[in-house]
$ cat my_file-v6.csv   # CSV, C-alpha atoms and all ligand atoms
chain,number,residue,atom,x,y,z
A,1,MET,CA,12.6,-20.5,-11.0
A,2,THR,CA,10.9,-18.9,-8.0
A,3,GLY,CA,10.0,-20.3,-4.6
A,4,GLU,CA,6.5,-20.5,-3.0
A,5,ILE,CA,5.1,-17.1,-2.0
A,6,THR,CA,3.3,-16.6,1.3
A,7,VAL,CA,2.0,-13.4,2.8
A,8,ARG,CA,2.6,-12.6,6.5
A,9,HIS,CA,2.8,-9.6,8.8
A,10,ILE,CA,6.1,-7.8,8.7
A,11,ASP,CA,9.0,-8.8,11.1
A,12,PHE,CA,11.1,-5.7,11.2
A,13,GLY,CA,14.2,-7.6,12.5
A,14,ARG,CA,14.4,-9.8,9.4
A,15,ASP,CA,12.5,-7.9,6.7
A,16,VAL,CA,14.1,-4.4,6.8
A,17,GLY,CA,17.2,-5.6,4.9
A,18,PRO,CA,15.4,-7.3,2.0
A,19,LEU,CA,12.8,-4.5,1.8
A,20,MET,CA,15.5,-1.8,1.7
A,21,SER,CA,17.0,-3.5,-1.3
A,22,LEU,CA,13.8,-3.7,-3.3
A,23,LEU,CA,12.5,-0.2,-2.3
A,24,THR,CA,13.8,3.1,-3.5
A,25,GLY,CA,13.8,6.8,-2.5
A,26,ARG,CA,10.7,7.9,-0.6
A,27,ASP,CA,9.5,4.3,0.0
A,28,ARG,CA,12.7,3.6,2.1
A,29,LEU,CA,11.8,6.4,4.4
A,30,ARG,CA,8.3,5.0,4.7
A,31,LEU,CA,9.8,1.7,5.9
A,32,GLU,CA,12.0,3.5,8.4
A,33,HIS,CA,9.1,5.5,9.8
A,34,CYS,CA,6.3,2.9,9.9
A,35,GLU,CA,7.7,0.7,12.7
A,36,PRO,CA,6.4,2.9,15.6
A,37,ALA,CA,3.0,3.1,13.9
A,38,VAL,CA,2.9,-0.7,13.5
A,39,ARG,CA,4.0,-1.2,17.2
A,40,ALA,CA,1.2,1.2,18.3
A,41,GLY,CA,-1.4,-0.7,16.2
A,42,ASP,CA,-2.0,2.4,13.9
A,43,CYS,CA,-0.7,0.6,10.8
A,44,PHE,CA,-0.2,-2.9,9.5
A,45,VAL,CA,2.3,-4.1,7.0
A,46,PHE,CA,2.2,-7.4,5.0
A,47,VAL,CA,5.2,-8.8,3.3
A,48,ALA,CA,5.3,-11.4,0.5
A,49,ASP,CA,7.8,-13.9,1.6
A,50,GLU,CA,9.8,-16.1,-0.8
A,51,ASP,CA,12.0,-18.6,1.0
A,52,GLY,CA,12.2,-16.4,4.1
A,53,ALA,CA,13.0,-13.2,2.2
A,54,ALA,CA,10.6,-10.3,1.6
A,55,VAL,CA,9.9,-9.8,-2.1
A,56,GLY,CA,7.0,-7.3,-1.7
A,57,TRP,CA,5.0,-5.3,0.8
A,58,ALA,CA,1.7,-3.6,1.4
A,59,VAL,CA,1.4,-0.8,4.0
A,60,VAL,CA,-2.0,0.2,5.4
A,61,HIS,CA,-2.7,3.0,7.9
A,62,THR,CA,-5.7,2.5,10.1
A,63,ASN,CA,-5.3,5.5,12.5
A,64,TYR,CA,-3.9,8.9,11.5
A,65,ARG,CA,-0.8,9.8,13.5
A,66,ASP,CA,0.6,13.3,13.9
A,67,ASP,CA,4.1,12.0,13.5
A,68,GLN,CA,3.5,11.0,9.8
A,69,ASP,CA,6.3,12.6,7.9
A,70,TRP,CA,5.2,11.7,4.3
A,71,SER,CA,3.4,14.4,2.3
A,72,PRO,CA,-0.2,13.6,1.7
A,73,PRO,CA,-1.3,13.6,-2.0
A,74,ASP,CA,-4.5,15.5,-1.1
A,75,GLU,CA,-6.3,17.0,1.8
A,76,ASP,CA,-8.5,14.0,2.4
A,77,THR,CA,-5.6,11.7,3.1
A,78,LYS,CA,-6.0,12.3,6.9
A,79,ALA,CA,-9.7,11.4,6.7
A,80,PHE,CA,-8.8,8.2,4.8
A,81,GLN,CA,-7.0,7.0,8.0
A,82,GLN,CA,-9.9,7.6,10.5
A,83,GLY,CA,-13.1,6.0,11.5
A,84,ASP,CA,-14.4,3.5,9.0
A,85,ASN,CA,-11.6,4.3,6.6
A,86,ALA,CA,-8.1,2.8,6.1
A,87,TYR,CA,-5.4,3.9,3.7
A,88,LEU,CA,-3.2,1.7,1.5
A,89,GLU,CA,-0.1,3.9,1.5
A,90,ASN,CA,2.1,1.6,-0.6
A,91,ILE,CA,2.1,-1.7,-2.4
A,92,GLU,CA,5.2,-2.9,-4.2
A,93,VAL,CA,6.5,-6.2,-5.6
A,94,THR,CA,10.1,-6.7,-6.6
A,95,ALA,CA,10.5,-6.4,-10.4
A,96,ARG,CA,11.6,-10.0,-10.9
A,97,GLN,CA,8.4,-11.3,-9.2
A,98,ARG,CA,5.8,-9.0,-10.9
A,99,SER,CA,3.0,-10.6,-13.0
A,100,ASN,CA,3.0,-13.7,-10.9
A,101,GLY,CA,0.0,-12.8,-8.7
A,102,VAL,CA,2.0,-11.5,-5.8
A,103,GLY,CA,0.4,-8.1,-5.9
A,104,ARG,CA,-3.0,-9.7,-5.8
A,105,LEU,CA,-2.0,-11.8,-2.8
A,106,LEU,CA,-0.8,-8.7,-0.9
A,107,LEU,CA,-3.8,-6.7,-1.9
A,108,GLU,CA,-6.3,-9.3,-0.9
A,109,ALA,CA,-4.5,-9.8,2.5
A,110,ALA,CA,-4.6,-6.1,3.1
A,111,GLN,CA,-8.3,-5.9,2.2
A,112,ASN,CA,-9.1,-8.8,4.5
A,113,GLU,CA,-7.1,-7.5,7.4
A,114,ALA,CA,-8.6,-4.0,7.1
A,115,LYS,CA,-12.1,-5.6,7.1
A,116,ARG,CA,-11.2,-7.8,10.1
A,117,LEU,CA,-10.2,-4.6,12.0
A,118,GLY,CA,-13.7,-3.2,11.4
A,119,LYS,CA,-12.9,-0.9,8.5
A,120,LYS,CA,-15.5,-0.4,5.8
A,121,LEU,CA,-13.6,1.4,3.1
A,122,LEU,CA,-10.0,1.2,1.9
A,123,TRP,CA,-8.4,4.1,-0.1
A,124,LEU,CA,-5.3,4.7,-2.1
A,125,HIS,CA,-3.7,7.1,-4.4
A,126,THR,CA,-1.9,6.1,-7.6
A,127,SER,CA,-0.5,7.9,-10.5
A,128,GLU,CA,-2.7,8.4,-13.6
A,129,ASN,CA,-0.2,6.6,-15.8
A,130,ASN,CA,0.4,3.5,-13.6
A,131,VAL,CA,-1.5,1.2,-15.9
A,132,LYS,CA,-0.2,-2.0,-14.3
A,133,ALA,CA,-1.4,-0.9,-10.8
A,134,HIS,CA,-4.8,0.2,-12.3
A,135,SER,CA,-5.5,-3.2,-13.7
A,136,LEU,CA,-4.7,-4.9,-10.4
A,137,PHE,CA,-7.1,-2.5,-8.5
A,138,ASP,CA,-9.8,-2.7,-11.1
A,139,ARG,CA,-9.7,-6.5,-11.0
A,140,GLU,CA,-10.0,-6.4,-7.2
A,141,GLY,CA,-13.2,-4.3,-7.4
A,142,TRP,CA,-11.7,-0.9,-6.6
A,143,THR,CA,-13.3,2.2,-8.2
A,144,VAL,CA,-11.9,5.5,-9.1
A,145,GLU,CA,-13.5,8.2,-7.0
A,146,ARG,CA,-11.8,11.3,-8.5
A,147,SER,CA,-8.4,12.7,-9.6
A,148,VAL,CA,-6.2,15.0,-7.7
A,149,TYR,CA,-2.9,16.9,-8.2
A,150,PRO,CA,-0.5,16.5,-5.3
A,151,PRO,CA,0.9,19.8,-4.0
A,152,TRP,CA,4.4,18.4,-4.3
A,153,LYS,CA,3.9,17.4,-7.9
A,154,PRO,CA,1.2,19.6,-9.3
A,155,THR,CA,1.6,18.4,-12.9
A,156,SER,CA,1.1,14.7,-11.9
A,157,LYS,CA,-2.6,13.7,-12.2
A,158,THR,CA,-3.2,11.1,-9.4
A,159,ARG,CA,-6.2,8.8,-9.1
A,160,VAL,CA,-8.0,8.3,-5.8
A,161,TYR,CA,-9.2,4.7,-5.6
A,162,ARG,CA,-11.8,3.3,-3.1
A,163,LYS,CA,-12.6,-0.3,-2.2
A,164,VAL,CA,-15.8,-1.2,-0.3
A,165,LEU,CA,-14.8,-3.9,2.1
B,201,LIG,C1,1.4,-2.7,-9.1
B,201,LIG,C2,2.2,-4.0,-8.6
B,201,LIG,C3,2.2,-4.0,-7.1
B,201,LIG,C4,1.4,-5.2,-9.1
B,201,LIG,O1,2.1,-6.4,-8.6
B,201,LIG,P1,2.1,-7.7,-9.4
B,201,LIG,O2,2.7,-8.7,-8.5
B,201,LIG,O3,2.8,-7.6,-10.7
B,201,LIG,O4,0.5,-8.0,-9.6
B,201,LIG,P2,-0.2,-9.3,-10.1
B,201,LIG,O5,0.8,-10.3,-10.6
B,201,LIG,O6,-1.1,-9.7,-9.1
B,201,LIG,O7,-1.0,-8.8,-11.4
B,201,LIG,C5,-0.3,-8.2,-12.4
B,201,LIG,C6,-0.5,-8.9,-13.8
B,201,LIG,O8,0.0,-10.3,-13.7
B,201,LIG,C7,-1.0,-11.2,-14.2
B,201,LIG,N1,-0.9,-12.4,-13.5
B,201,LIG,C8,-1.2,-12.6,-12.2
B,201,LIG,N2,-0.9,-13.9,-11.8
B,201,LIG,C9,-0.4,-14.5,-12.9
B,201,LIG,C10,0.1,-15.8,-13.2
B,201,LIG,N3,0.2,-16.7,-12.3
B,201,LIG,N4,0.7,-16.0,-14.4
B,201,LIG,C11,0.7,-15.0,-15.3
B,201,LIG,N5,0.2,-13.8,-15.1
B,201,LIG,C12,-0.3,-13.5,-13.9
B,201,LIG,C13,-2.3,-10.5,-13.9
B,201,LIG,O9,-3.3,-10.9,-14.8
B,201,LIG,C14,-1.9,-9.1,-14.1
B,201,LIG,O10,-2.0,-8.8,-15.5
B,201,LIG,P3,-2.7,-7.5,-16.0
B,201,LIG,O11,-2.1,-6.4,-15.2
B,201,LIG,O12,-2.3,-7.4,-17.4
B,201,LIG,O13,-4.1,-7.7,-15.8
B,201,LIG,C15,3.6,-4.0,-9.2
B,201,LIG,O14,3.5,-3.8,-10.6
B,201,LIG,C16,4.6,-3.0,-8.6
B,201,LIG,O15,5.2,-3.3,-7.7
B,201,LIG,N6,4.7,-1.8,-9.3
B,201,LIG,C17,5.6,-0.8,-8.8
B,201,LIG,C18,5.0,-0.1,-7.6
B,201,LIG,C19,3.7,0.5,-7.8
B,201,LIG,O16,3.4,1.1,-8.8
B,201,LIG,N7,2.8,0.3,-6.8
B,201,LIG,C20,1.4,0.8,-6.9
B,201,LIG,C21,1.4,2.2,-6.3
B,201,LIG,S1,-0.1,2.5,-5.5
$ encode --input "my_file-v6.csv" --output "structure tokens"
Amino acid sequence: MTGEITVRHIDFGRDVGPLMSLLTGRDRLRLEHCEPAVRAGDCFVFVADEDGAAVGWAVVHTNYRDDQDWSPPDEDTKAFQQGDNAYLENIEVTARQRSNGVGRLLLEAAQNEAKRLGKKLLWLHTSENNVKAHSLFDREGWTVERSVYPPWKPTSKTRVYRKVL
């Protein structure tokens, strides 16, 4: 039995704990480092809230910042965060809540907010074998622009997806 899911902007005070328990590895560092960017208006983060606790998140960069400490999957990642472009750096739903439409809610909220902020295109990278993620992006009208091989994982084919907002 699951509670009602709502999507809202992140509240770092109450969301960091639940998000840290659902995220792993590199994504935990993303959470630690996105707070200054959110405060400066260079990034927005939506959480999926179930009974007050975050069960998923979506992170979108709207302005490139020099203090970003994650490694870009390809050289265009900086351009994806400038001008008309915004970049969906991460979307994740806790395993227990997957296949319930939570990913779709987060993705649609992220698309709408990027559009509201005046962005025309939203971009993301995802691994070639992430079939579950592909079906979500395909259903939401994203298209595959090309494939790249991240410098930090040169054997891992990665899709560049684009959504016209
Ligand atoms: C990718 C991810 C975010 C999708 O989240 P999700 O909440 O499972 O997504 P949705 O529920 O909206 O859609 C997933 C499936 O559930 C189905 N679904 C949606 N609502 C449903 C409902 N009410 N009842 C039954 N099935 C439903 C959808 O049809 C979809 O099925 P399909 O993939 O076979 O077409 C999630 O799998 C995840 O966190 N993966 C790990 C992190 C990751 O890979 N992120 C992407 C990196 S870019």
$ closest_atom_pairs --input "my_file-v6.csv" --of "chain A" --to "ligand LIG 201 (chain B)" --cutoff "9 Å" --atoms "all atoms listed in the file" --output "JSON lines"
{"residue": "A:Gly56", "atom": "CA", "partner": "B:LIG201", "partner_atom": "O15", "distance": 7.4}
{"residue": "A:Trp57", "atom": "CA", "partner": "B:LIG201", "partner_atom": "C3", "distance": 8.5}
{"residue": "A:Ala58", "atom": "CA", "partner": "B:LIG201", "partner_atom": "C3", "distance": 8.5}
{"residue": "A:Leu88", "atom": "CA", "partner": "B:LIG201", "partner_atom": "S1", "distance": 7.7}
{"residue": "A:Glu89", "atom": "CA", "partner": "B:LIG201", "partner_atom": "S1", "distance": 7.1}
{"residue": "A:Asn90", "atom": "CA", "partner": "B:LIG201", "partner_atom": "S1", "distance": 5.4}
{"residue": "A:Ile91", "atom": "CA", "partner": "B:LIG201", "partner_atom": "N7", "distance": 4.9}
{"residue": "A:Glu92", "atom": "CA", "partner": "B:LIG201", "partner_atom": "O15", "distance": 3.5}
{"residue": "A:Val93", "atom": "CA", "partner": "B:LIG201", "partner_atom": "O15", "distance": 3.8}
{"residue": "A:Thr94", "atom": "CA", "partner": "B:LIG201", "partner_atom": "O15", "distance": 6.1}
{"residue": "A:Ala95", "atom": "CA", "partner": "B:LIG201", "partner_atom": "O15", "distance": 6.7}
{"residue": "A:Gln97", "atom": "CA", "partner": "B:LIG201", "partner_atom": "O2", "distance": 6.3}
{"residue": "A:Arg98", "atom": "CA", "partner": "B:LIG201", "partner_atom": "O3", "distance": 3.3}
{"residue": "A:Ser99", "atom": "CA", "partner": "B:LIG201", "partner_atom": "O8", "distance": 3.1}
{"residue": "A:Asn100", "atom": "CA", "partner": "B:LIG201", "partner_atom": "N2", "distance": 4.0}
{"residue": "A:Gly101", "atom": "CA", "partner": "B:LIG201", "partner_atom": "O5", "distance": 3.2}
{"residue": "A:Val102", "atom": "CA", "partner": "B:LIG201", "partner_atom": "O2", "distance": 4.0}
{"residue": "A:Gly103", "atom": "CA", "partner": "B:LIG201", "partner_atom": "O2", "distance": 3.5}
{"residue": "A:Arg104", "atom": "CA", "partner": "B:LIG201", "partner_atom": "O6", "distance": 3.8}
{"residue": "A:Leu105", "atom": "CA", "partner": "B:LIG201", "partner_atom": "O6", "distance": 6.7}
{"residue": "A:Leu106", "atom": "CA", "partner": "B:LIG201", "partner_atom": "O6", "distance": 8.3}
{"residue": "A:Leu107", "atom": "CA", "partner": "B:LIG201", "partner_atom": "O6", "distance": 8.3}
{"residue": "A:Leu124", "atom": "CA", "partner": "B:LIG201", "partner_atom": "S1", "distance": 6.6}
{"residue": "A:His125", "atom": "CA", "partner": "B:LIG201", "partner_atom": "S1", "distance": 5.9}
{"residue": "A:Thr126", "atom": "CA", "partner": "B:LIG201", "partner_atom": "S1", "distance": 4.5}
{"residue": "A:Ser127", "atom": "CA", "partner": "B:LIG201", "partner_atom": "C21", "distance": 7.3}
{"residue": "A:Asn130", "atom": "CA", "partner": "B:LIG201", "partner_atom": "O16", "distance": 6.1}
{"residue": "A:Val131", "atom": "CA", "partner": "B:LIG201", "partner_atom": "O11", "distance": 7.7}
{"residue": "A:Lys132", "atom": "CA", "partner": "B:LIG201", "partner_atom": "O11", "distance": 4.9}
{"residue": "A:Ala133", "atom": "CA", "partner": "B:LIG201", "partner_atom": "C1", "distance": 3.7}
{"residue": "A:His134", "atom": "CA", "partner": "B:LIG201", "partner_atom": "C1", "distance": 7.6}
{"residue": "A:Ser135", "atom": "CA", "partner": "B:LIG201", "partner_atom": "O11", "distance": 4.9}
{"residue": "A:Leu136", "atom": "CA", "partner": "B:LIG201", "partner_atom": "O7", "distance": 5.5}
{"residue": "A:Phe137", "atom": "CA", "partner": "B:LIG201", "partner_atom": "C1", "distance": 8.5}
{"residue": "A:Asp138", "atom": "CA", "partner": "B:LIG201", "partner_atom": "O13", "distance": 8.9}
{"residue": "A:Arg139", "atom": "CA", "partner": "B:LIG201", "partner_atom": "O13", "distance": 7.5}
$ residues_around --input "my_file-v6.csv" --residues "Val45 (chain A)" --least-positions-apart "4" --cutoff "9 Å" --atoms "only C-alpha atoms" --output "PyMOL selection string"
chain A and resi 8-10+34+38+57-61+110
$ write_last_selection --input "my_file-v6.csv" --atoms "C-alpha atoms" --output "compact mmCIF listing (two decimals), in the frame of the given file"
# COMPACT_ATOMS: atom_id res chain seq x y z
CA ARG A 8 2.60 -12.60 6.50
CA HIS A 9 2.80 -9.60 8.80
CA ILE A 10 6.10 -7.80 8.70
CA CYS A 34 6.30 2.90 9.90
CA VAL A 38 2.90 -0.70 13.50
CA TRP A 57 5.00 -5.30 0.80
CA ALA A 58 1.70 -3.60 1.40
CA VAL A 59 1.40 -0.80 4.00
CA VAL A 60 -2.00 0.20 5.40
CA HIS A 61 -2.70 3.00 7.90
CA ALA A 110 -4.60 -6.10 3.10
$ atom_distance --input "my_file-v6.csv" --atom1 "CA of Thr77 (chain A)" --atom2 "CA of Val160 (chain A)"
9.8 Å
$ atom_distance --input "my_file-v6.csv" --atom1 "CA of Val164 (chain A)" --atom2 "CA of Lys120 (chain A)"
6.2 Å
$ closest_residue --input "my_file-v6.csv" --among "A:Phe80, A:Tyr161, A:Tyr87, A:Phe46" --to "Gly141 (chain A)" --atoms "only C-alpha atoms"
A:Tyr161
$ residues_near_point --input "my_file-v6.csv" --point "(6.5, -13.9, 2.3)" --cutoff "6 Å" --atoms "only C-alpha atoms" --output "PyMOL selection string"
chain A and resi 5-8+47-50+54
$ closest_residue --input "my_file-v6.csv" --among "A:Leu29, A:Leu122, A:Leu117, A:Ala79" --to "Val16 (chain A)" --atoms "all atoms listed in the file"
A:Leu29
$ residues_around --input "my_file-v6.csv" --residues "Pro150 (chain A)" --least-positions-apart "4" --cutoff "6 Å" --atoms "all atoms listed in the file" --output "ChimeraX atom specification"
/A:73-74,154
$ residues_around --input "my_file-v6.csv" --residues "Val148 (chain A)" --least-positions-apart "4" --cutoff "7 Å" --atoms "all atoms listed in the file" --output "number ranges by chain"
A: 74, 157-159
$ residues_around --input "my_file-v6.csv" --residues "Gly17 (chain A)" --least-positions-apart "5" --cutoff "10 Å" --atoms "all atoms listed in the file" --output "CSV table (one decimal) with C-alpha atoms, in the frame of the given file"
chain,number,residue,atom,x,y,z
A,12,PHE,CA,11.1,-5.7,11.2
A,22,LEU,CA,13.8,-3.7,-3.3
A,53,ALA,CA,13.0,-13.2,2.2
A,54,ALA,CA,10.6,-10.3,1.6
$ closest_residue --input "my_file-v6.csv" --among "A:Glu113, A:Glu4, A:Asp69, A:Glu145" --to "Leu31 (chain A)" --atoms "all atoms listed in the file"
A:Asp69
$ atom_distance --input "my_file-v6.csv" --atom1 "CA of Phe44 (chain A)" --atom2 "CA of Gln81 (chain A)"
12.1 Å
$ closest_residue --input "my_file-v6.csv" --among "A:Asn112, A:Ser147, A:Gln68, A:Thr24" --to "Leu165 (chain A)" --atoms "only C-alpha atoms"
A:Asn112
$ decode --input "my_file-v6.csv" --residues "region 94-141 of chain A" --atoms "C-alpha atoms" --output "PDB file, in the first residue's frame"
ATOM      1  CA  THR A  94      13.040   4.649  -5.160  1.00  0.00           C
ATOM      2  CA  ALA A  95      12.866   0.976  -6.243  1.00  0.00           C
ATOM      3  CA  ARG A  96       9.662   0.213  -4.309  1.00  0.00           C
ATOM      4  CA  GLN A  97       7.760   2.996  -6.110  1.00  0.00           C
ATOM      5  CA  ARG A  98       8.861   2.308  -9.700  1.00  0.00           C
ATOM      6  CA  SER A  99       6.282   1.500 -12.415  1.00  0.00           C
ATOM      7  CA  ASN A 100       3.612   3.526 -10.615  1.00  0.00           C
ATOM      8  CA  GLY A 101       3.876   6.643 -12.780  1.00  0.00           C
ATOM      9  CA  VAL A 102       6.135   8.556 -10.370  1.00  0.00           C
ATOM     10  CA  GLY A 103       8.890   8.945 -12.971  1.00  0.00           C
ATOM     11  CA  ARG A 104       6.363  10.382 -15.394  1.00  0.00           C
ATOM     12  CA  LEU A 105       5.121  12.877 -12.786  1.00  0.00           C
ATOM     13  CA  LEU A 106       8.670  14.039 -12.052  1.00  0.00           C
ATOM     14  CA  LEU A 107       9.601  14.253 -15.721  1.00  0.00           C
ATOM     15  CA  GLU A 108       6.502  16.236 -16.661  1.00  0.00           C
ATOM     16  CA  ALA A 109       7.052  18.631 -13.736  1.00  0.00           C
ATOM     17  CA  ALA A 110      10.663  19.148 -14.854  1.00  0.00           C
ATOM     18  CA  GLN A 111       9.628  19.758 -18.475  1.00  0.00           C
ATOM     19  CA  ASN A 112       6.922  22.245 -17.445  1.00  0.00           C
ATOM     20  CA  GLU A 113       9.227  24.157 -15.114  1.00  0.00           C
ATOM     21  CA  ALA A 114      12.012  24.391 -17.701  1.00  0.00           C
ATOM     22  CA  LYS A 115       9.491  25.731 -20.211  1.00  0.00           C
ATOM     23  CA  ARG A 116       8.107  28.206 -17.654  1.00  0.00           C
ATOM     24  CA  LEU A 117      11.664  29.484 -17.167  1.00  0.00           C
ATOM     25  CA  GLY A 118      11.866  30.223 -20.894  1.00  0.00           C
ATOM     26  CA  LYS A 119      13.873  27.184 -21.967  1.00  0.00           C
ATOM     27  CA  LYS A 120      13.162  25.676 -25.385  1.00  0.00           C
ATOM     28  CA  LEU A 121      15.095  22.408 -25.197  1.00  0.00           C
ATOM     29  CA  LEU A 122      15.775  19.918 -22.437  1.00  0.00           C
ATOM     30  CA  TRP A 123      18.667  17.450 -22.727  1.00  0.00           C
ATOM     31  CA  LEU A 124      19.829  14.369 -20.870  1.00  0.00           C
ATOM     32  CA  HIS A 125      22.282  11.493 -21.073  1.00  0.00           C
ATOM     33  CA  THR A 126      21.352   7.938 -20.274  1.00  0.00           C
ATOM     34  CA  SER A 127      23.069   4.634 -20.696  1.00  0.00           C
ATOM     35  CA  GLU A 128      22.359   2.629 -23.869  1.00  0.00           C
ATOM     36  CA  ASN A 129      21.104  -0.326 -21.823  1.00  0.00           C
ATOM     37  CA  ASN A 130      18.738   1.616 -19.523  1.00  0.00           C
ATOM     38  CA  VAL A 131      15.620   0.264 -21.213  1.00  0.00           C
ATOM     39  CA  LYS A 132      13.206   1.352 -18.457  1.00  0.00           C
ATOM     40  CA  ALA A 133      14.409   4.932 -18.684  1.00  0.00           C
ATOM     41  CA  HIS A 134      14.248   4.870 -22.510  1.00  0.00           C
ATOM     42  CA  SER A 135      10.588   3.870 -22.478  1.00  0.00           C
ATOM     43  CA  LEU A 136       9.741   6.754 -20.122  1.00  0.00           C
ATOM     44  CA  PHE A 137      11.594   9.314 -22.273  1.00  0.00           C
ATOM     45  CA  ASP A 138      10.191   7.873 -25.525  1.00  0.00           C
ATOM     46  CA  ARG A 139       6.620   8.062 -24.204  1.00  0.00           C
ATOM     47  CA  GLU A 140       7.162  11.679 -23.152  1.00  0.00           C
ATOM     48  CA  GLY A 141       8.238  12.645 -26.676  1.00  0.00           C
TER      49      GLY A 141
END
